[in-house]
$ cat final-v5.cif   # mmCIF, C-alpha atoms
data_my_file
loop_
_atom_site.group_PDB
_atom_site.id
_atom_site.type_symbol
_atom_site.label_atom_id
_atom_site.label_comp_id
_atom_site.auth_asym_id
_atom_site.auth_seq_id
_atom_site.Cartn_x
_atom_site.Cartn_y
_atom_site.Cartn_z
ATOM 1 C CA MET A 10 52.831 23.245 58.978
ATOM 2 C CA GLU A 11 51.562 25.569 61.710
ATOM 3 C CA ALA A 12 49.942 24.431 64.904
ATOM 4 C CA SER A 13 46.620 26.254 64.376
ATOM 5 C CA HIS A 14 44.580 23.741 66.343
ATOM 6 C CA VAL A 15 42.709 25.093 69.370
ATOM 7 C CA SER A 16 42.707 22.734 72.351
ATOM 8 C CA VAL A 17 39.165 21.927 73.438
ATOM 9 C CA LEU A 18 38.107 22.305 77.087
ATOM 10 C CA PHE A 19 41.601 23.555 77.871
ATOM 11 C CA GLU A 20 41.009 25.218 81.250
ATOM 12 C CA GLU A 21 38.644 22.449 82.331
ATOM 13 C CA SER A 22 41.186 19.740 81.548
ATOM 14 C CA MET A 23 44.008 21.589 83.345
ATOM 15 C CA SER A 24 41.809 21.947 86.422
ATOM 16 C CA ALA A 25 40.664 18.318 86.232
ATOM 17 C CA MET A 26 44.285 17.132 86.077
ATOM 18 C CA THR A 27 45.139 19.299 89.123
ATOM 19 C CA VAL A 28 48.416 20.194 87.395
ATOM 20 C CA HIS A 29 51.013 21.337 89.927
ATOM 21 C CA PRO A 30 54.747 22.140 90.006
ATOM 22 C CA GLY A 31 56.931 19.065 90.038
ATOM 23 C CA GLY A 32 54.187 16.754 88.784
ATOM 24 C CA ARG A 33 54.686 14.033 86.214
ATOM 25 C CA TYR A 34 52.103 13.703 83.455
ATOM 26 C CA ILE A 35 51.340 11.740 80.304
ATOM 27 C CA ASP A 36 49.540 13.213 77.298
ATOM 28 C CA CYS A 37 48.452 10.198 75.252
ATOM 29 C CA THR A 38 47.203 12.248 72.281
ATOM 30 C CA LEU A 39 49.776 14.976 71.837
ATOM 31 C CA GLY A 40 48.335 16.509 68.663
ATOM 32 C CA ALA A 41 49.590 20.046 68.132
ATOM 33 C CA GLY A 42 50.785 20.209 71.732
ATOM 34 C CA GLY A 43 48.227 22.623 73.189
ATOM 35 C CA HIS A 44 47.316 20.618 76.276
ATOM 36 C CA ALA A 45 50.938 19.511 76.712
ATOM 37 C CA GLU A 46 52.104 23.134 76.657
ATOM 38 C CA GLY A 47 49.579 24.009 79.358
ATOM 39 C CA ILE A 48 50.703 21.096 81.519
ATOM 40 C CA LEU A 49 54.370 22.043 81.204
ATOM 41 C CA GLU A 50 53.685 25.710 81.955
ATOM 42 C CA ARG A 51 51.620 24.931 85.049
ATOM 43 C CA SER A 52 53.972 22.260 86.367
ATOM 44 C CA ALA A 53 57.027 24.546 86.105
ATOM 45 C CA PRO A 54 59.787 24.714 87.035
ATOM 46 C CA ASP A 55 60.420 20.987 87.313
ATOM 47 C CA GLY A 56 57.282 19.164 86.117
ATOM 48 C CA LEU A 57 57.776 16.481 83.487
ATOM 49 C CA LEU A 58 55.653 15.309 80.574
ATOM 50 C CA LEU A 59 55.620 12.244 78.341
ATOM 51 C CA GLY A 60 53.711 12.866 75.107
ATOM 52 C CA LEU A 61 52.574 10.183 72.660
ATOM 53 C CA ASP A 62 51.001 10.453 69.251
ATOM 54 C CA ALA A 63 50.524 7.925 66.459
ATOM 55 C CA ASP A 64 50.843 10.715 63.881
ATOM 56 C CA PRO A 65 54.486 11.528 63.021
ATOM 57 C CA LYS A 66 53.479 14.971 61.701
ATOM 58 C CA ALA A 67 51.860 15.787 65.037
ATOM 59 C CA ILE A 68 55.108 14.910 66.784
ATOM 60 C CA GLU A 69 56.974 17.355 64.528
ATOM 61 C CA ILE A 70 54.505 20.164 65.230
ATOM 62 C CA ALA A 71 54.431 19.545 68.973
ATOM 63 C CA ALA A 72 58.220 19.258 69.163
ATOM 64 C CA ALA A 73 58.582 22.764 67.717
ATOM 65 C CA ARG A 74 55.938 24.149 70.062
ATOM 66 C CA LEU A 75 57.425 22.522 73.165
ATOM 67 C CA ALA A 76 61.106 23.046 72.353
ATOM 68 C CA ARG A 77 61.408 25.810 74.961
ATOM 69 C CA PHE A 78 60.777 23.281 77.741
ATOM 70 C CA GLY A 79 63.879 21.311 76.849
ATOM 71 C CA GLN A 80 64.238 17.901 78.479
ATOM 72 C CA ARG A 81 61.138 18.378 80.631
ATOM 73 C CA ALA A 82 59.194 16.965 77.678
ATOM 74 C CA ILE A 83 59.760 13.577 76.044
ATOM 75 C CA LEU A 84 57.799 12.994 72.828
ATOM 76 C CA VAL A 85 57.267 9.566 71.288
ATOM 77 C CA ASN A 86 55.709 8.646 67.937
ATOM 78 C CA GLU A 87 53.588 5.746 69.157
ATOM 79 C CA ASN A 88 49.929 4.800 69.436
ATOM 80 C CA PHE A 89 48.495 4.952 72.943
ATOM 81 C CA PHE A 90 47.587 1.287 72.957
ATOM 82 C CA ARG A 91 51.313 0.772 73.628
ATOM 83 C CA LEU A 92 51.193 3.239 76.524
ATOM 84 C CA ARG A 93 52.433 0.892 79.246
ATOM 85 C CA GLU A 94 55.390 -0.302 77.175
ATOM 86 C CA VAL A 95 56.530 3.271 76.412
ATOM 87 C CA ALA A 96 55.899 4.615 79.917
ATOM 88 C CA GLU A 97 57.724 1.799 81.696
ATOM 89 C CA ARG A 98 60.691 2.077 79.355
ATOM 90 C CA LEU A 99 60.985 5.818 80.058
ATOM 91 C CA GLY A 100 60.256 5.671 83.779
ATOM 92 C CA TYR A 101 56.791 7.222 83.772
ATOM 93 C CA VAL A 102 55.176 4.955 86.348
ATOM 94 C CA GLY A 103 53.223 6.349 89.296
ATOM 95 C CA VAL A 104 52.327 9.545 87.466
ATOM 96 C CA ASP A 105 50.084 12.402 88.612
ATOM 97 C CA GLY A 106 47.851 12.528 85.578
ATOM 98 C CA VAL A 107 47.061 10.926 82.230
ATOM 99 C CA LEU A 108 45.192 12.839 79.545
ATOM 100 C CA PHE A 109 43.391 11.604 76.422
ATOM 101 C CA ASP A 110 42.004 14.146 73.935
ATOM 102 C CA LEU A 111 40.348 11.881 71.390
ATOM 103 C CA GLY A 112 39.549 14.585 68.845
ATOM 104 C CA PHE A 113 41.321 15.369 65.613
ATOM 105 C CA SER A 114 43.260 18.573 65.084
ATOM 106 C CA SER A 115 42.417 21.207 62.509
ATOM 107 C CA VAL A 116 45.799 20.496 60.960
ATOM 108 C CA GLN A 117 44.932 16.833 60.420
ATOM 109 C CA LEU A 118 41.449 17.523 59.077
ATOM 110 C CA SER A 119 42.677 20.131 56.602
ATOM 111 C CA ASP A 120 45.481 17.916 55.265
ATOM 112 C CA ALA A 121 44.016 16.578 52.001
ATOM 113 C CA ASP A 122 46.536 13.733 51.860
ATOM 114 C CA ARG A 123 45.053 12.244 55.045
ATOM 115 C CA GLY A 124 41.576 11.846 53.579
ATOM 116 C CA LEU A 125 39.983 12.474 56.987
ATOM 117 C CA SER A 126 37.520 15.066 55.756
ATOM 118 C CA PHE A 127 35.091 15.305 52.838
ATOM 119 C CA MET A 128 35.542 19.089 52.909
ATOM 120 C CA VAL A 129 38.806 18.746 50.972
ATOM 121 C CA ASP A 130 39.411 16.253 48.177
ATOM 122 C CA GLY A 131 42.126 13.717 48.787
ATOM 123 C CA PRO A 132 42.940 10.003 48.753
ATOM 124 C CA LEU A 133 40.850 7.661 50.890
ATOM 125 C CA ASP A 134 43.638 7.004 53.355
ATOM 126 C CA MET A 135 42.452 8.021 56.867
ATOM 127 C CA ARG A 136 45.459 6.507 58.640
ATOM 128 C CA LEU A 137 46.870 8.593 61.488
ATOM 129 C CA ASP A 138 49.942 6.375 61.536
ATOM 130 C CA PRO A 139 51.298 5.621 58.040
ATOM 131 C CA ARG A 140 52.621 2.328 59.439
ATOM 132 C CA GLU A 141 49.059 0.977 59.662
ATOM 133 C CA PRO A 142 48.619 -1.721 56.979
ATOM 134 C CA GLU A 143 45.150 -0.829 55.621
ATOM 135 C CA THR A 144 43.675 2.396 54.280
ATOM 136 C CA ALA A 145 40.014 3.343 53.995
ATOM 137 C CA ALA A 146 40.239 2.618 50.256
ATOM 138 C CA ASP A 147 41.446 -0.898 51.019
ATOM 139 C CA LEU A 148 38.388 -1.554 53.172
ATOM 140 C CA LEU A 149 35.916 0.056 50.779
ATOM 141 C CA ASN A 150 37.191 -1.911 47.813
ATOM 142 C CA SER A 151 37.590 -5.313 49.470
ATOM 143 C CA LEU A 152 34.907 -5.866 52.131
ATOM 144 C CA SER A 153 31.670 -7.572 51.196
ATOM 145 C CA GLU A 154 28.412 -5.643 51.131
ATOM 146 C CA ALA A 155 27.352 -7.192 54.454
ATOM 147 C CA GLU A 156 30.722 -6.403 56.051
ATOM 148 C CA LEU A 157 30.577 -2.790 54.864
ATOM 149 C CA ALA A 158 27.038 -2.337 56.157
ATOM 150 C CA GLY A 159 28.053 -3.791 59.512
ATOM 151 C CA LEU A 160 31.078 -1.513 59.742
ATOM 152 C CA LEU A 161 29.027 1.617 58.959
ATOM 153 C CA TRP A 162 26.383 0.690 61.514
ATOM 154 C CA ARG A 163 28.747 -0.447 64.271
ATOM 155 C CA PHE A 164 31.249 2.421 64.077
ATOM 156 C CA GLY A 165 29.136 5.182 62.546
ATOM 157 C CA GLU A 166 25.640 4.351 63.824
ATOM 158 C CA GLU A 167 24.589 5.100 60.247
ATOM 159 C CA PRO A 168 20.864 4.325 59.699
ATOM 160 C CA GLY A 169 21.403 4.131 55.940
ATOM 161 C CA SER A 170 24.289 1.678 56.224
ATOM 162 C CA ARG A 171 22.764 -0.980 53.969
ATOM 163 C CA ARG A 172 21.894 1.454 51.191
ATOM 164 C CA ILE A 173 25.358 2.986 51.322
ATOM 165 C CA ALA A 174 27.073 -0.427 51.299
ATOM 166 C CA ARG A 175 24.962 -1.573 48.348
ATOM 167 C CA LEU A 176 25.873 1.498 46.300
ATOM 168 C CA ILE A 177 29.558 1.214 47.228
ATOM 169 C CA VAL A 178 29.666 -2.347 45.898
ATOM 170 C CA GLN A 179 27.848 -1.309 42.713
ATOM 171 C CA GLU A 180 30.150 1.638 42.068
ATOM 172 C CA ARG A 181 33.420 -0.124 42.811
ATOM 173 C CA ALA A 182 32.526 -2.737 40.173
ATOM 174 C CA LYS A 183 32.880 0.096 37.643
ATOM 175 C CA ARG A 184 35.983 1.682 39.164
ATOM 176 C CA PRO A 185 37.701 1.476 42.568
ATOM 177 C CA LEU A 186 36.780 4.115 45.126
ATOM 178 C CA ALA A 187 39.783 6.377 45.535
ATOM 179 C CA SER A 188 38.893 9.919 46.700
ATOM 180 C CA THR A 189 37.076 11.571 49.584
ATOM 181 C CA ARG A 190 34.813 13.635 47.323
ATOM 182 C CA GLN A 191 33.903 10.514 45.356
ATOM 183 C CA LEU A 192 32.854 8.731 48.538
ATOM 184 C CA ALA A 193 30.975 11.742 49.943
ATOM 185 C CA ALA A 194 29.002 12.132 46.713
ATOM 186 C CA LEU A 195 28.205 8.423 46.690
ATOM 187 C CA VAL A 196 26.878 8.532 50.268
ATOM 188 C CA GLU A 197 24.737 11.555 49.452
ATOM 189 C CA ARG A 198 23.278 9.662 46.499
ATOM 190 C CA ALA A 199 22.535 6.676 48.712
ATOM 191 C CA VAL A 200 20.807 8.482 51.577
ATOM 192 C CA GLY A 201 19.775 11.803 50.052
ATOM 193 C CA GLY A 202 20.506 15.291 51.328
ATOM 194 C CA ARG A 203 20.557 16.501 54.901
ATOM 195 C CA HIS A 204 16.763 16.556 55.370
ATOM 196 C CA GLY A 205 17.024 19.129 58.142
ATOM 197 C CA GLU A 206 20.054 17.490 59.818
ATOM 198 C CA LYS A 207 22.924 19.721 60.863
ATOM 199 C CA ILE A 208 25.626 17.277 59.781
ATOM 200 C CA HIS A 209 26.622 16.330 56.241
ATOM 201 C CA PRO A 210 25.160 12.943 55.185
ATOM 202 C CA ALA A 211 28.675 11.496 54.809
ATOM 203 C CA THR A 212 29.770 12.391 58.356
ATOM 204 C CA ARG A 213 28.886 9.032 59.926
ATOM 205 C CA THR A 214 30.428 7.057 57.063
ATOM 206 C CA PHE A 215 33.719 8.918 57.366
ATOM 207 C CA GLN A 216 33.677 8.436 61.140
ATOM 208 C CA ALA A 217 33.090 4.701 60.779
ATOM 209 C CA LEU A 218 35.898 4.212 58.285
ATOM 210 C CA ARG A 219 38.347 6.296 60.311
ATOM 211 C CA ILE A 220 37.563 4.286 63.458
ATOM 212 C CA ALA A 221 37.993 0.999 61.587
ATOM 213 C CA VAL A 222 41.248 1.982 59.869
ATOM 214 C CA ASN A 223 42.847 3.190 63.114
ATOM 215 C CA HIS A 224 41.268 0.534 65.399
ATOM 216 C CA GLU A 225 40.228 3.384 67.649
ATOM 217 C CA LEU A 226 37.685 1.785 69.957
ATOM 218 C CA GLU A 227 39.520 -1.406 70.843
ATOM 219 C CA ARG A 228 42.753 0.531 71.334
ATOM 220 C CA LEU A 229 41.027 3.058 73.583
ATOM 221 C CA SER A 230 39.811 0.248 75.842
ATOM 222 C CA LEU A 231 43.336 -1.173 76.060
ATOM 223 C CA ALA A 232 44.876 2.241 76.729
ATOM 224 C CA LEU A 233 42.457 3.166 79.530
ATOM 225 C CA GLU A 234 43.392 0.015 81.431
ATOM 226 C CA GLN A 235 47.092 0.763 80.989
ATOM 227 C CA ALA A 236 46.645 4.391 82.043
ATOM 228 C CA LEU A 237 44.986 3.317 85.280
ATOM 229 C CA ASP A 238 47.904 1.015 86.069
ATOM 230 C CA LEU A 239 50.366 3.896 85.570
ATOM 231 C CA LEU A 240 48.631 6.393 87.870
ATOM 232 C CA ALA A 241 49.866 7.074 91.394
ATOM 233 C CA THR A 242 47.311 7.150 94.185
ATOM 234 C CA GLY A 243 45.513 10.471 93.787
ATOM 235 C CA GLY A 244 46.520 10.714 90.125
ATOM 236 C CA ARG A 245 43.847 11.865 87.695
ATOM 237 C CA LEU A 246 42.578 10.193 84.527
ATOM 238 C CA VAL A 247 41.094 12.834 82.193
ATOM 239 C CA VAL A 248 39.424 11.937 78.900
ATOM 240 C CA ILE A 249 37.876 14.207 76.271
ATOM 241 C CA ALA A 250 35.673 12.285 73.827
ATOM 242 C CA PHE A 251 33.859 13.586 70.761
ATOM 243 C CA HIS A 252 31.295 10.955 69.854
ATOM 244 C CA SER A 253 29.017 8.600 71.712
ATOM 245 C CA LEU A 254 30.949 5.394 70.952
ATOM 246 C CA GLU A 255 34.138 6.705 72.581
ATOM 247 C CA ASP A 256 32.304 8.373 75.444
ATOM 248 C CA ARG A 257 30.375 5.173 76.173
ATOM 249 C CA ILE A 258 33.641 3.227 76.544
ATOM 250 C CA VAL A 259 35.107 5.866 78.855
ATOM 251 C CA LYS A 260 31.954 6.147 80.961
ATOM 252 C CA ARG A 261 31.647 2.385 81.344
ATOM 253 C CA PHE A 262 35.333 1.986 82.219
ATOM 254 C CA MET A 263 35.145 4.611 84.959
ATOM 255 C CA GLU A 264 31.896 3.174 86.317
ATOM 256 C CA VAL A 265 33.287 -0.362 86.530
ATOM 257 C CA GLU A 266 36.576 0.713 88.098
ATOM 258 C CA ALA A 267 34.730 2.765 90.720
ATOM 259 C CA LYS A 268 32.799 -0.325 91.855
ATOM 260 C CA GLY A 269 33.635 -3.166 94.182
ATOM 261 C CA CYS A 270 31.882 -6.321 93.064
ATOM 262 C CA ILE A 271 31.109 -6.525 89.343
ATOM 263 C CA CYS A 272 29.509 -9.974 89.389
ATOM 264 C CA PRO A 273 26.194 -10.366 87.535
ATOM 265 C CA PRO A 274 23.211 -9.237 89.681
ATOM 266 C CA GLU A 275 21.870 -12.799 89.776
ATOM 267 C CA SER A 276 25.043 -14.177 91.413
ATOM 268 C CA PRO A 277 24.249 -15.270 94.993
ATOM 269 C CA VAL A 278 27.791 -14.523 96.222
ATOM 270 C CA CYS A 279 30.706 -12.459 94.915
ATOM 271 C CA THR A 280 33.291 -14.468 92.999
ATOM 272 C CA CYS A 281 35.018 -11.679 91.062
ATOM 273 C CA SER A 282 37.198 -10.274 93.883
ATOM 274 C CA HIS A 283 37.097 -6.942 92.052
ATOM 275 C CA LYS A 284 38.070 -3.900 94.100
ATOM 276 C CA PRO A 285 37.471 -0.255 93.187
ATOM 277 C CA ARG A 286 40.517 1.498 91.771
ATOM 278 C CA LEU A 287 38.961 4.809 90.751
ATOM 279 C CA ARG A 288 36.847 7.507 92.323
ATOM 280 C CA ARG A 289 34.722 9.404 89.845
ATOM 281 C CA VAL A 290 35.391 13.068 90.508
ATOM 282 C CA SER A 291 32.125 14.011 88.809
ATOM 283 C CA LYS A 292 29.362 11.598 87.861
ATOM 284 C CA GLY A 293 28.359 13.742 84.917
ATOM 285 C CA VAL A 294 30.364 15.199 82.053
ATOM 286 C CA LEU A 295 31.876 18.598 81.494
ATOM 287 C CA LYS A 296 30.870 20.248 78.219
ATOM 288 C CA PRO A 297 32.149 23.340 76.421
ATOM 289 C CA GLY A 298 30.363 26.554 77.255
ATOM 290 C CA PRO A 299 28.576 28.674 74.617
ATOM 291 C CA ASP A 300 31.545 31.021 74.252
ATOM 292 C CA GLU A 301 33.935 28.176 73.424
ATOM 293 C CA VAL A 302 31.493 26.616 70.968
ATOM 294 C CA ALA A 303 30.992 29.981 69.269
ATOM 295 C CA ALA A 304 34.755 30.481 68.961
ATOM 296 C CA ASN A 305 35.441 26.854 67.978
ATOM 297 C CA PRO A 306 32.376 25.038 66.532
ATOM 298 C CA ARG A 307 34.273 21.722 66.498
ATOM 299 C CA ALA A 308 34.146 21.795 70.304
ATOM 300 C CA ARG A 309 30.364 21.405 70.405
ATOM 301 C CA SER A 310 30.402 17.595 70.760
ATOM 302 C CA ALA A 311 33.274 17.405 73.287
ATOM 303 C CA ARG A 312 32.648 15.602 76.577
ATOM 304 C CA LEU A 313 35.161 15.534 79.430
ATOM 305 C CA ARG A 314 35.167 12.844 82.118
ATOM 306 C CA VAL A 315 37.560 12.657 85.050
ATOM 307 C CA ALA A 316 38.355 10.090 87.728
ATOM 308 C CA GLU A 317 40.963 9.755 90.452
ATOM 309 C CA ARG A 318 43.117 6.738 91.305
ATOM 310 C CA ILE A 319 42.480 5.485 94.803
ATOM 311 C CA GLU A 320 44.421 3.213 97.109
ATOM 312 C CA LEU A 321 43.795 -0.455 96.324
ATOM 313 C CA TRP A 322 43.066 -1.974 99.698
ATOM 314 C CA GLN A 323 43.733 -5.668 99.930
#

$ encode --input "final-v5.cif" --output "structure tokens"
Amino acid sequence: MEASHVSVLFEESMSAMTVHPGGRYIDCTLGAGGHAEGILERSAPDGLLLGLDADPKAIEIAAARLARFGQRAILVNENFFRLREVAERLGYVGVDGVLFDLGFSSVQLSDADRGLSFMVDGPLDMRLDPREPETAADLLNSLSEAELAGLLWRFGEEPGSRRIARLIVQERAKRPLASTRQLAALVERAVGGRHGEKIHPATRTFQALRIAVNHELERLSLALEQALDLLATGGRLVVIAFHSLEDRIVKRFMEVEAKGCICPPESPVCTCSHKPRLRRVSKGVLKPGPDEVAANPRARSARLRVAERIELWQ
């Protein structure tokens, strides 16, 4: 399998990380290894990188791509919510930068066996890590109508969540839902065609199921906290998100960690003892330029946020 994936916001993320020779970095979402390769090239001759990915196929692809860097790169097949455990075991504490690219690679999306895309027919799996216990099919065929509607609304912000859930329950009574095309056609029946929208009507449903299967949002929150603990003073936290739910978590995390007191506004005195641990390098987000979007349409929704670890004064 070739590493055909194009890394989004590549130059922007390298600049945001302030990659330099001799630095030590963690790439929490290794993917096809594009960002990791850039980090290793720009931190030469002695920079080091720890790369994690929940997807064992991604590890294989990245390992081939990064082989020329030898022992400067350590790759681990693990989900980033176990970041602290892996980093401490391998000595990556007090690092110069931690990167999260929360998008999916072209390789993953085009792999029919993953069931991540309705553009190719495949089983309703959606697991990045085959060790995860539940597939999308398991959820679709076991959750109640109310639970399904809640899942589609909470993780997909799908306005037609109730109609879709109702039709799913009706259809699975006839036969279990098993394929991506079957689900996409069902969603289109439930909510109609695009009605002028740019995205396919099944896009939000697939997003919601993928998030639920891989526990993406809760694990992102856990991983951000761990990443902050692993950064050296002056180290950079760089996150590329692709939808509003992820970006909201990242934005809120950086805002809170850049504050002192986080007590409720109505509190007469501070009781939280919270101290700022981050400095937001830019209050806004970096977005792909028109040239990048034209060359790689999947980049259009990417949002990059960056913050810097500061000294924790007692």

$ resolve_selection --input "final-v5.cif" --expression "the PyMOL selection byres ((chain A and resi 143) around 12)" --output "NGL selection string"
:A and (133-142 or 144-152 or 218-219 or 221-224)

$ write_last_selection --input "final-v5.cif" --atoms "C-alpha atoms" --output "PDB file, keeping the file's coordinate frame"
ATOM      1  CA  LEU A 133      40.850   7.661  50.890  1.00  0.00           C
ATOM      2  CA  ASP A 134      43.638   7.004  53.355  1.00  0.00           C
ATOM      3  CA  MET A 135      42.452   8.021  56.867  1.00  0.00           C
ATOM      4  CA  ARG A 136      45.459   6.507  58.640  1.00  0.00           C
ATOM      5  CA  LEU A 137      46.870   8.593  61.488  1.00  0.00           C
ATOM      6  CA  ASP A 138      49.942   6.375  61.536  1.00  0.00           C
ATOM      7  CA  PRO A 139      51.298   5.621  58.040  1.00  0.00           C
ATOM      8  CA  ARG A 140      52.621   2.328  59.439  1.00  0.00           C
ATOM      9  CA  GLU A 141      49.059   0.977  59.662  1.00  0.00           C
ATOM     10  CA  PRO A 142      48.619  -1.721  56.979  1.00  0.00           C
ATOM     11  CA  THR A 144      43.675   2.396  54.280  1.00  0.00           C
ATOM     12  CA  ALA A 145      40.014   3.343  53.995  1.00  0.00           C
ATOM     13  CA  ALA A 146      40.239   2.618  50.256  1.00  0.00           C
ATOM     14  CA  ASP A 147      41.446  -0.898  51.019  1.00  0.00           C
ATOM     15  CA  LEU A 148      38.388  -1.554  53.172  1.00  0.00           C
ATOM     16  CA  LEU A 149      35.916   0.056  50.779  1.00  0.00           C
ATOM     17  CA  ASN A 150      37.191  -1.911  47.813  1.00  0.00           C
ATOM     18  CA  SER A 151      37.590  -5.313  49.470  1.00  0.00           C
ATOM     19  CA  LEU A 152      34.907  -5.866  52.131  1.00  0.00           C
ATOM     20  CA  LEU A 218      35.898   4.212  58.285  1.00  0.00           C
ATOM     21  CA  ARG A 219      38.347   6.296  60.311  1.00  0.00           C
ATOM     22  CA  ALA A 221      37.993   0.999  61.587  1.00  0.00           C
ATOM     23  CA  VAL A 222      41.248   1.982  59.869  1.00  0.00           C
ATOM     24  CA  ASN A 223      42.847   3.190  63.114  1.00  0.00           C
ATOM     25  CA  HIS A 224      41.268   0.534  65.399  1.00  0.00           C
TER      26      HIS A 224
END

$ residues_around --input "final-v5.cif" --residues "A:Val15" --least-positions-apart "4" --cutoff "10 Å" --atoms "only C-alpha atoms" --output "tab-separated table (two decimals) with C-alpha atoms, in the coordinates of the input"
chain	number	residue	atom	x	y	z
A	19	PHE	CA	41.60	23.56	77.87
A	41	ALA	CA	49.59	20.05	68.13
A	42	GLY	CA	50.78	20.21	71.73
A	43	GLY	CA	48.23	22.62	73.19
A	44	HIS	CA	47.32	20.62	76.28
A	114	SER	CA	43.26	18.57	65.08
A	115	SER	CA	42.42	21.21	62.51
A	304	ALA	CA	34.76	30.48	68.96
A	305	ASN	CA	35.44	26.85	67.98
A	307	ARG	CA	34.27	21.72	66.50
A	308	ALA	CA	34.15	21.80	70.30

$ resolve_selection --input "final-v5.cif" --expression "the PyMOL selection byres ((chain A and resi 37) around 8)" --output "list in words"
Ile35, Asp36, Thr38, Leu39, Gly60, Leu61, Asp62, Phe89, Leu92, Val107, Leu108, Phe109 and Asp110 of chain A

$ residues_around --input "final-v5.cif" --residues "stretch 281-285 of chain A" --least-positions-apart "5" --cutoff "7 Å" --atoms "only C-alpha atoms" --output "PDB file with C-alpha atoms, in the coordinates of the input"
ATOM      1  CA  GLU A 266      36.576   0.713  88.098  1.00  0.00           C
ATOM      2  CA  ALA A 267      34.730   2.765  90.720  1.00  0.00           C
ATOM      3  CA  LYS A 268      32.799  -0.325  91.855  1.00  0.00           C
ATOM      4  CA  GLY A 269      33.635  -3.166  94.182  1.00  0.00           C
ATOM      5  CA  CYS A 270      31.882  -6.321  93.064  1.00  0.00           C
ATOM      6  CA  ILE A 271      31.109  -6.525  89.343  1.00  0.00           C
ATOM      7  CA  CYS A 272      29.509  -9.974  89.389  1.00  0.00           C
TER       8      CYS A 272
END

$ atom_distance --input "final-v5.cif" --atom1 "atom CA of A:Gly112" --atom2 "atom CA of A:Ala250"
6.7 Å

$ residues_around --input "final-v5.cif" --residues "A:Phe215" --least-positions-apart "5" --cutoff "10 Å" --atoms "only C-alpha atoms" --output "ChimeraX atom specification"
/A:124-127,133,135,145,161,164-165,189,192-193,196,210,220-221

$ write_last_selection --input "final-v5.cif" --atoms "C-alpha atoms" --output "compact mmCIF listing (two decimals), keeping the file's coordinate frame"
# COMPACT_ATOMS: atom_id res chain seq x y z
CA GLY A 124 41.58 11.85 53.58
CA LEU A 125 39.98 12.47 56.99
CA SER A 126 37.52 15.07 55.76
CA PHE A 127 35.09 15.30 52.84
CA LEU A 133 40.85 7.66 50.89
CA MET A 135 42.45 8.02 56.87
CA ALA A 145 40.01 3.34 54.00
CA LEU A 161 29.03 1.62 58.96
CA PHE A 164 31.25 2.42 64.08
CA GLY A 165 29.14 5.18 62.55
CA THR A 189 37.08 11.57 49.58
CA LEU A 192 32.85 8.73 48.54
CA ALA A 193 30.98 11.74 49.94
CA VAL A 196 26.88 8.53 50.27
CA PRO A 210 25.16 12.94 55.18
CA ILE A 220 37.56 4.29 63.46
CA ALA A 221 37.99 1.00 61.59

$ residues_around --input "final-v5.cif" --residues "A:Met23" --least-positions-apart "6" --cutoff "9 Å" --atoms "all atoms listed in the file" --output "tab-separated table (two decimals) with C-alpha atoms, keeping the file's coordinate frame"
chain	number	residue	atom	x	y	z
A	44	HIS	CA	47.32	20.62	76.28
A	47	GLY	CA	49.58	24.01	79.36
A	48	ILE	CA	50.70	21.10	81.52
A	51	ARG	CA	51.62	24.93	85.05

$ atom_distance --input "final-v5.cif" --atom1 "atom CA of A:His29" --atom2 "atom CA of A:Ser52"
4.7 Å

$ resolve_selection --input "final-v5.cif" --expression "the PyMOL selection byres ((chain A and resi 263) around 9)" --output "PyMOL selection string"
chain A and resi 258-262+264-268+287-289+314-316

$ closest_residue --input "final-v5.cif" --among "A:Arg93, A:Leu49, A:Asn88, A:Ala158" --to "A:Ala76" --atoms "all atoms listed in the file"
A:Leu49

$ decode --input "final-v5.cif" --residues "stretch 66-85 of chain A" --atoms "C-alpha atoms" --output "compact mmCIF listing (two decimals), in the first residue's frame"
# COMPACT_ATOMS: atom_id res chain seq x y z
CA LYS A 66 -1.42 -0.37 8.61
CA ALA A 67 -0.41 3.26 9.08
CA ILE A 68 2.55 2.12 11.16
CA GLU A 69 3.65 -0.17 8.32
CA ILE A 70 3.41 2.61 5.74
CA ALA A 71 5.18 5.17 7.91
CA ALA A 72 7.91 2.70 8.88
CA ALA A 73 8.81 2.22 5.21
CA ARG A 74 8.76 5.97 4.58
CA LEU A 75 10.89 6.80 7.62
CA ALA A 76 13.32 3.88 7.41
CA ARG A 77 16.12 6.14 6.16
CA PHE A 78 16.17 7.96 9.51
CA GLY A 79 17.11 4.81 11.38
CA GLN A 80 16.87 4.96 15.16
CA ARG A 81 16.01 8.66 15.17
CA ALA A 82 12.39 7.56 14.80
CA ILE A 83 10.50 5.26 17.17
CA LEU A 84 7.06 4.17 15.95
CA VAL A 85 4.41 2.66 18.22
